[in-house]
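Below is the file input06.cif, which contains mmCIF, C-alpha atoms and all ligand atoms.
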```
data_final
loop_
_atom_site.label_atom_id
_atom_site.label_comp_id
_atom_site.auth_asym_id
_atom_site.auth_seq_id
_atom_site.Cartn_x
_atom_site.Cartn_y
_atom_site.Cartn_z
CA MET A 24 86.52 97.84 103.03
CA PHE A 25 89.50 97.40 100.76
CA LYS A 26 88.63 97.19 97.08
CA ASN A 27 92.16 97.02 95.67
CA THR A 28 95.52 95.55 96.48
CA ILE A 29 98.89 95.87 94.75
CA VAL A 30 101.60 93.21 94.89
CA LYS A 31 104.84 92.65 93.03
CA ILE A 32 106.37 89.32 92.04
CA PRO A 33 109.71 88.55 93.75
CA SER A 34 112.63 88.91 91.35
CA VAL A 35 115.45 86.45 90.65
CA SER A 36 117.56 88.94 92.61
CA TYR A 37 115.30 88.52 95.68
CA ILE A 38 117.82 86.32 97.47
CA SER A 39 120.38 89.15 97.50
CA GLY A 40 118.06 91.63 99.20
CA LEU A 41 118.59 93.28 102.55
CA THR A 42 118.31 91.24 105.72
CA THR A 43 119.41 91.14 109.33
CA SER A 44 118.01 87.67 110.01
CA ASP A 45 120.04 84.54 110.62
CA LEU A 46 117.44 82.27 109.08
CA GLY A 47 119.47 81.49 105.98
CA SER A 48 119.07 82.35 102.32
CA PRO A 49 115.56 82.31 100.89
CA ILE A 50 114.67 79.76 98.24
CA LEU A 51 113.29 81.70 95.29
CA GLU A 52 111.02 78.94 93.96
CA LYS A 53 109.43 78.58 97.39
CA ALA A 54 109.05 82.36 97.74
CA LEU A 55 107.25 82.47 94.39
CA VAL A 56 104.82 79.77 95.50
CA GLN A 57 104.18 81.54 98.82
CA HIS A 58 103.66 84.78 96.95
CA GLN A 59 101.07 83.13 94.70
CA VAL A 60 99.25 81.80 97.77
CA TYR A 61 99.30 85.36 99.18
CA ILE A 62 97.70 86.66 95.97
CA GLU A 63 94.99 83.99 96.17
CA ALA A 64 94.28 85.03 99.77
CA LEU A 65 93.86 88.67 98.76
CA LYS A 66 91.43 87.55 96.06
CA LYS A 67 89.51 85.42 98.55
CA CYS A 68 89.17 88.56 100.70
CA GLY A 69 87.40 90.18 97.77
CA THR A 70 90.09 92.53 96.52
CA GLU A 71 91.05 93.23 92.93
CA VAL A 72 94.76 92.37 92.86
CA THR A 73 97.12 94.37 90.65
CA ILE A 74 100.14 92.14 90.08
CA LEU A 75 103.28 94.00 89.05
CA PRO A 76 106.08 92.16 87.26
CA SER A 77 109.37 91.69 89.07
CA THR A 78 112.29 94.06 88.62
CA ILE A 79 115.78 92.62 88.87
CA GLU A 80 117.38 95.96 89.86
CA PHE A 81 115.42 96.02 93.12
CA PRO A 82 115.83 92.78 95.11
CA ASP A 83 113.50 93.99 97.90
CA SER A 84 110.80 95.43 95.68
CA THR A 85 108.32 92.63 96.41
CA PHE A 86 107.87 94.46 99.76
CA VAL A 87 105.63 97.04 98.08
CA GLU A 88 104.15 98.34 101.32
CA ASP A 89 107.23 100.44 101.96
CA THR A 90 106.78 102.54 98.83
CA ALA A 91 103.53 104.31 99.66
CA VAL A 92 100.85 105.19 102.19
CA LEU A 93 97.39 104.77 100.69
CA THR A 94 94.09 106.05 102.06
CA PRO A 95 90.59 106.13 100.59
CA THR A 96 91.09 109.68 99.28
CA PHE A 97 94.78 110.38 98.82
CA ALA A 98 98.13 108.67 98.37
CA VAL A 99 101.59 109.46 99.67
CA ILE A 100 104.63 108.22 97.78
CA SER A 101 107.23 107.44 100.41
CA ASN A 102 110.97 108.00 100.34
CA PRO A 103 112.43 104.64 101.45
CA GLY A 104 115.23 104.89 103.97
CA ALA A 105 117.41 102.13 102.48
CA LEU A 106 119.46 103.45 99.57
CA SER A 107 119.15 100.22 97.56
CA ARG A 108 115.35 100.49 97.80
CA ASN A 109 114.85 104.17 97.10
CA GLY A 110 114.39 103.76 93.33
CA GLU A 111 111.42 101.44 93.91
CA ILE A 112 109.18 104.52 94.21
CA HIS A 113 109.80 105.50 90.61
CA GLU A 114 108.38 102.18 89.47
CA MET A 115 105.43 102.48 91.83
CA GLU A 116 104.52 106.07 91.04
CA PRO A 117 102.72 105.45 87.69
CA VAL A 118 100.77 102.60 89.26
CA ILE A 119 99.60 104.83 92.13
CA LYS A 120 98.77 107.56 89.61
CA SER A 121 96.44 105.17 87.83
CA PHE A 122 94.33 104.96 91.00
CA TYR A 123 94.71 108.40 92.64
CA GLU A 124 94.33 112.06 91.75
CA THR A 125 95.65 113.47 95.00
CA ILE A 126 99.24 112.40 95.56
CA TYR A 127 101.75 113.76 98.06
CA TYR A 128 105.46 113.02 98.25
CA ILE A 129 107.88 112.59 101.14
CA LYS A 130 110.91 114.63 100.17
CA GLY A 131 114.57 114.29 101.13
CA PRO A 132 116.25 114.68 103.51
CA GLY A 133 113.10 113.14 104.97
CA THR A 134 112.89 109.37 104.63
CA LEU A 135 109.88 107.18 105.27
CA ASP A 136 108.99 103.51 104.77
CA GLY A 137 105.30 102.60 104.48
CA GLY A 138 105.91 99.77 106.96
CA ASP A 139 106.23 102.43 109.64
CA ILE A 140 102.73 103.74 109.13
CA LEU A 141 99.66 102.33 110.82
CA GLN A 142 96.19 103.75 110.25
CA ILE A 143 93.64 103.26 113.00
CA GLU A 144 90.39 104.82 111.79
CA ASP A 145 91.12 108.56 111.36
CA HIS A 146 94.45 108.38 113.15
CA PHE A 147 97.84 107.70 111.59
CA TYR A 148 100.64 106.40 113.81
CA ILE A 149 104.02 107.16 112.27
CA GLY A 150 107.05 105.24 113.52
CA ILE A 151 110.54 106.66 113.62
CA SER A 152 112.84 103.75 112.88
CA ALA A 153 116.14 102.95 111.17
CA ARG A 154 114.26 103.69 107.90
CA THR A 155 111.90 106.55 108.76
CA ASN A 156 113.63 109.64 110.08
CA PRO A 157 112.11 112.49 112.13
CA ASP A 158 111.93 114.75 109.05
CA GLY A 159 110.02 112.15 107.01
CA ALA A 160 107.70 111.44 109.94
CA LYS A 161 107.00 115.15 110.40
CA GLN A 162 106.23 115.57 106.69
CA LEU A 163 103.69 112.74 106.80
CA LYS A 164 102.12 114.11 109.98
CA GLN A 165 101.62 117.45 108.24
CA ILE A 166 100.16 115.77 105.16
CA VAL A 167 97.62 113.67 107.08
CA GLU A 168 96.65 116.62 109.28
CA SER A 169 96.09 118.77 106.19
CA GLU A 170 93.66 116.07 105.02
CA GLY A 171 91.73 116.11 108.30
CA TYR A 172 93.31 113.07 109.98
CA LYS A 173 95.24 112.87 113.24
CA GLY A 174 98.95 112.05 113.20
CA THR A 175 101.06 110.76 116.08
CA ILE A 176 104.76 110.10 115.85
CA VAL A 177 106.03 107.05 117.74
CA GLN A 178 109.72 106.45 118.41
CA LEU A 179 110.58 102.77 117.92
CA GLU A 180 112.97 101.08 120.33
CA LYS A 181 113.64 97.65 118.87
CA PHE A 182 111.22 96.77 116.10
CA PHE A 183 112.33 97.08 112.48
CA HIS A 184 109.17 98.83 111.33
CA LEU A 185 106.19 100.05 113.34
CA LYS A 186 103.92 97.42 111.78
CA THR A 187 106.41 94.67 112.64
CA GLY A 188 104.86 94.78 116.10
CA ILE A 189 101.34 96.13 115.77
CA THR A 190 98.27 95.63 113.58
CA TYR A 191 94.80 97.17 113.63
CA LEU A 192 91.96 94.70 113.17
CA GLY A 193 89.02 97.11 113.37
CA ASN A 194 86.51 97.63 116.21
CA GLN A 195 89.19 99.48 118.21
CA THR A 196 91.15 96.22 118.50
CA ILE A 197 94.89 95.96 117.93
CA VAL A 198 97.30 93.02 117.84
CA VAL A 199 100.45 93.97 119.72
CA ALA A 200 103.85 92.50 120.57
CA GLY A 201 107.00 93.51 122.40
CA GLU A 202 107.50 97.22 122.99
CA PHE A 203 103.93 98.07 121.96
CA ILE A 204 102.19 95.88 124.55
CA ASP A 205 102.40 98.60 127.21
CA HIS A 206 103.10 101.55 124.98
CA PRO A 207 101.20 104.61 126.27
CA GLU A 208 100.10 105.67 122.76
CA PHE A 209 98.15 102.44 122.30
CA ASN A 210 96.61 102.02 125.74
CA SER A 211 93.14 103.13 124.74
CA TYR A 212 92.64 100.18 122.37
CA GLN A 213 91.47 96.61 123.05
CA LYS A 214 94.59 94.49 122.79
CA ILE A 215 95.34 91.03 121.51
CA VAL A 216 98.74 90.40 123.03
CA VAL A 217 101.17 88.25 121.05
CA PRO A 218 103.50 86.10 123.20
CA PRO A 219 107.26 86.60 122.62
CA GLU A 220 107.71 83.26 120.84
CA GLU A 221 105.04 84.27 118.30
CA GLU A 222 106.19 87.85 117.76
CA TYR A 223 106.31 87.48 113.97
CA ALA A 224 102.53 86.96 113.93
CA ALA A 225 101.91 90.51 115.20
CA ASN A 226 102.31 91.53 111.57
CA CYS A 227 99.03 90.21 110.23
CA ILE A 228 96.46 92.07 108.09
CA ARG A 229 92.72 92.54 108.28
CA VAL A 230 91.36 92.47 104.74
CA ASN A 231 87.59 92.79 104.68
CA ASP A 232 86.06 89.64 106.25
CA TYR A 233 89.37 87.93 107.05
CA VAL A 234 92.59 88.36 108.95
CA ILE A 235 95.53 86.98 106.99
CA ILE A 236 98.13 85.69 109.42
CA PRO A 237 101.44 83.83 109.03
CA SER A 238 101.10 80.10 109.60
CA GLY A 239 102.78 78.48 112.59
CA TYR A 240 101.57 80.81 115.34
CA PRO A 241 98.65 78.92 116.90
CA LEU A 242 98.24 81.00 120.07
CA THR A 243 97.90 84.26 118.17
CA LYS A 244 95.61 82.70 115.58
CA GLN A 245 93.37 81.38 118.35
CA LYS A 246 93.21 84.78 120.02
CA VAL A 247 92.29 86.45 116.72
CA ASN A 248 89.60 83.80 116.13
CA ASP A 249 88.30 84.24 119.69
CA ALA A 250 87.97 87.97 119.01
CA GLY A 251 85.54 87.05 116.23
CA TYR A 252 87.71 87.14 113.09
CA LYS A 253 88.06 84.47 110.45
CA THR A 254 91.69 83.77 109.59
CA ILE A 255 93.61 82.68 106.51
CA GLU A 256 97.06 81.28 107.30
CA ILE A 257 99.98 81.68 104.91
CA ASP A 258 103.46 80.21 105.09
CA MET A 259 105.77 83.23 105.09
CA SER A 260 109.08 81.43 105.70
CA GLU A 261 110.89 82.76 102.63
CA PHE A 262 109.86 86.36 103.29
CA ARG A 263 110.70 86.21 106.97
CA LYS A 264 114.27 85.31 105.99
CA GLN A 265 114.52 88.78 104.36
CA ASP A 266 112.95 90.59 107.35
CA GLY A 267 109.63 90.80 105.53
CA GLY A 268 106.34 90.61 107.35
CA LEU A 269 102.99 89.69 105.90
CA SER A 270 101.79 93.27 105.51
CA CYS A 271 104.92 94.27 103.54
CA LEU A 272 103.87 92.22 100.53
CA SER A 273 100.89 94.39 99.60
CA LEU A 274 99.39 97.83 99.41
CA ARG A 275 95.72 97.75 100.39
CA PHE A 276 93.20 100.48 99.67
C1 LIG B 1 114.18 95.48 103.74
O1 LIG B 1 115.13 95.35 104.51
O2 LIG B 1 113.81 96.58 103.35
C2 LIG B 1 113.46 94.23 103.25
N1 LIG B 1 114.36 93.15 103.21
C3 LIG B 1 112.28 93.91 104.13
C4 LIG B 1 111.22 94.97 104.13
C5 LIG B 1 110.08 94.62 104.98
N2 LIG B 1 109.06 95.59 104.90
C6 LIG B 1 108.22 95.89 105.87
O3 LIG B 1 108.37 95.40 106.99
N3 LIG B 1 107.27 96.79 105.62
#
```
In structure tokens, write the structure found in this file.
Amino acid sequence: MFKNTIVKIPSVSYISGLTTSDLGSPILEKALVQHQVYIEALKKCGTEVTILPSTIEFPDSTFVEDTAVLTPTFAVISNPGALSRNGEIHEMEPVIKSFYETIYYIKGPGTLDGGDILQIEDHFYIGISARTNPDGAKQLKQIVESEGYKGTIVQLEKFFHLKTGITYLGNQTIVVAGEFIDHPEFNSYQKIVVPPEEEYAANCIRVNDYVIIPSGYPLTKQKVNDAGYKTIEIDMSEFRKQDGGLSCLSLRF
């Protein structure tokens, strides 16, 4: 069960954030509306939502997931791999401190984005990506192992972040796309396979009694429903334009 979530309002600088997509510039007003709908969905799932005000210095800071790894008993402040995003952790740290007593830090030269971390029960999968380097991944593995969890490092081939292509729904069931469909590390789980044309929907989130999923991916939604989960669909168009997936917009714990 998740009791809390943290989100951050997109800033007026949001449109000048990092992106590799060719989907065009996001429309801030639309992003703000979509973000509000996202907050309402988290509330509907029964979480207490902490809404942080926007910060103009950090255009990508609405993607709060990258700043931390949160578990029921301890928190890890990350060390984001993109230079323009690194300072986001200093804004997040006091917020995390208000919820946690045990806090670890990923230290340079290690880098790590929260989007590269997937928890499946007592097992953390840690992606090495353009943002998370081997040093950062190793630090997190040591931290989670010191806390009694398992840690497995996964080298990404194409995906931006680990969670861009994989989600855990519970009951040993994962949603997978692309390079993770046949990945040996994930073969022991029940899989909901996302077709290539719906790849963006692999980044959905199970929050208590619901799975929140981007709207416009009917095949994936149907498969998630068939697996027994209720879904809430959210239009993510303005976040997708900045390479943001649905999970990136919140920290859940
Ligand atoms: C970035 O490039 O960092 C942002 N524009 C998107 C971050 C998305 N975060 C995530 O997938 N966890």
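For the set A:Phe209, A:Gly251, A:Met259, A:Leu274, the residue with the smallest atom-to-atom gap to Ala54 (chain A) is A:Met259, counting all atoms listed in the file.
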(message) Please find the residues contacting ligand LIG 1 (chain B) at a distance of at most 10 Å between atoms, with all atoms listed in the file counted, and report them as a VMD selection string.
(response) chain A and resid 37 to 44 82 to 90 103 to 109 136 to 140 154 182 to 188 226 262 to 273
(request) Considering only C-alpha atoms, return as JSON, numbers by chain whatever protein or nucleic-acid residues lie within 6 Å of region 157-167 of chain A, sequence-local ones (same chain, fewer than 4 positions apart) excluded. (result) {"A": [133, 134, 135, 172, 174]}
(request) For CA of Glu256 (chain A) and CA of Ile235 (chain A), determine how far apart the two atoms are, in Å to one decimal place. (result) 5.9 Å
With 8 Å of padding per side, what axis-aligned box (centre and edge lengths, Å, one decimal) covers all the listed atoms of region 121-140 of chain A? Give it as JSON.
```
{"center_x": 105.3, "center_y": 107.2, "center_z": 98.7, "size_x": 37.9, "size_y": 30.9, "size_z": 37.8}
```
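Nearest to Ile32 (chain A) of all the residues A:Ile228, A:Leu55, A:Ile151, A:Ile215 is A:Leu55, counting only C-alpha atoms.
Among the candidates A:Pro218, A:Ser36, A:Pro237, A:Thr96, the residue lying nearest to Gly171 (chain A) is A:Thr96 (atoms considered: all atoms listed in the file).
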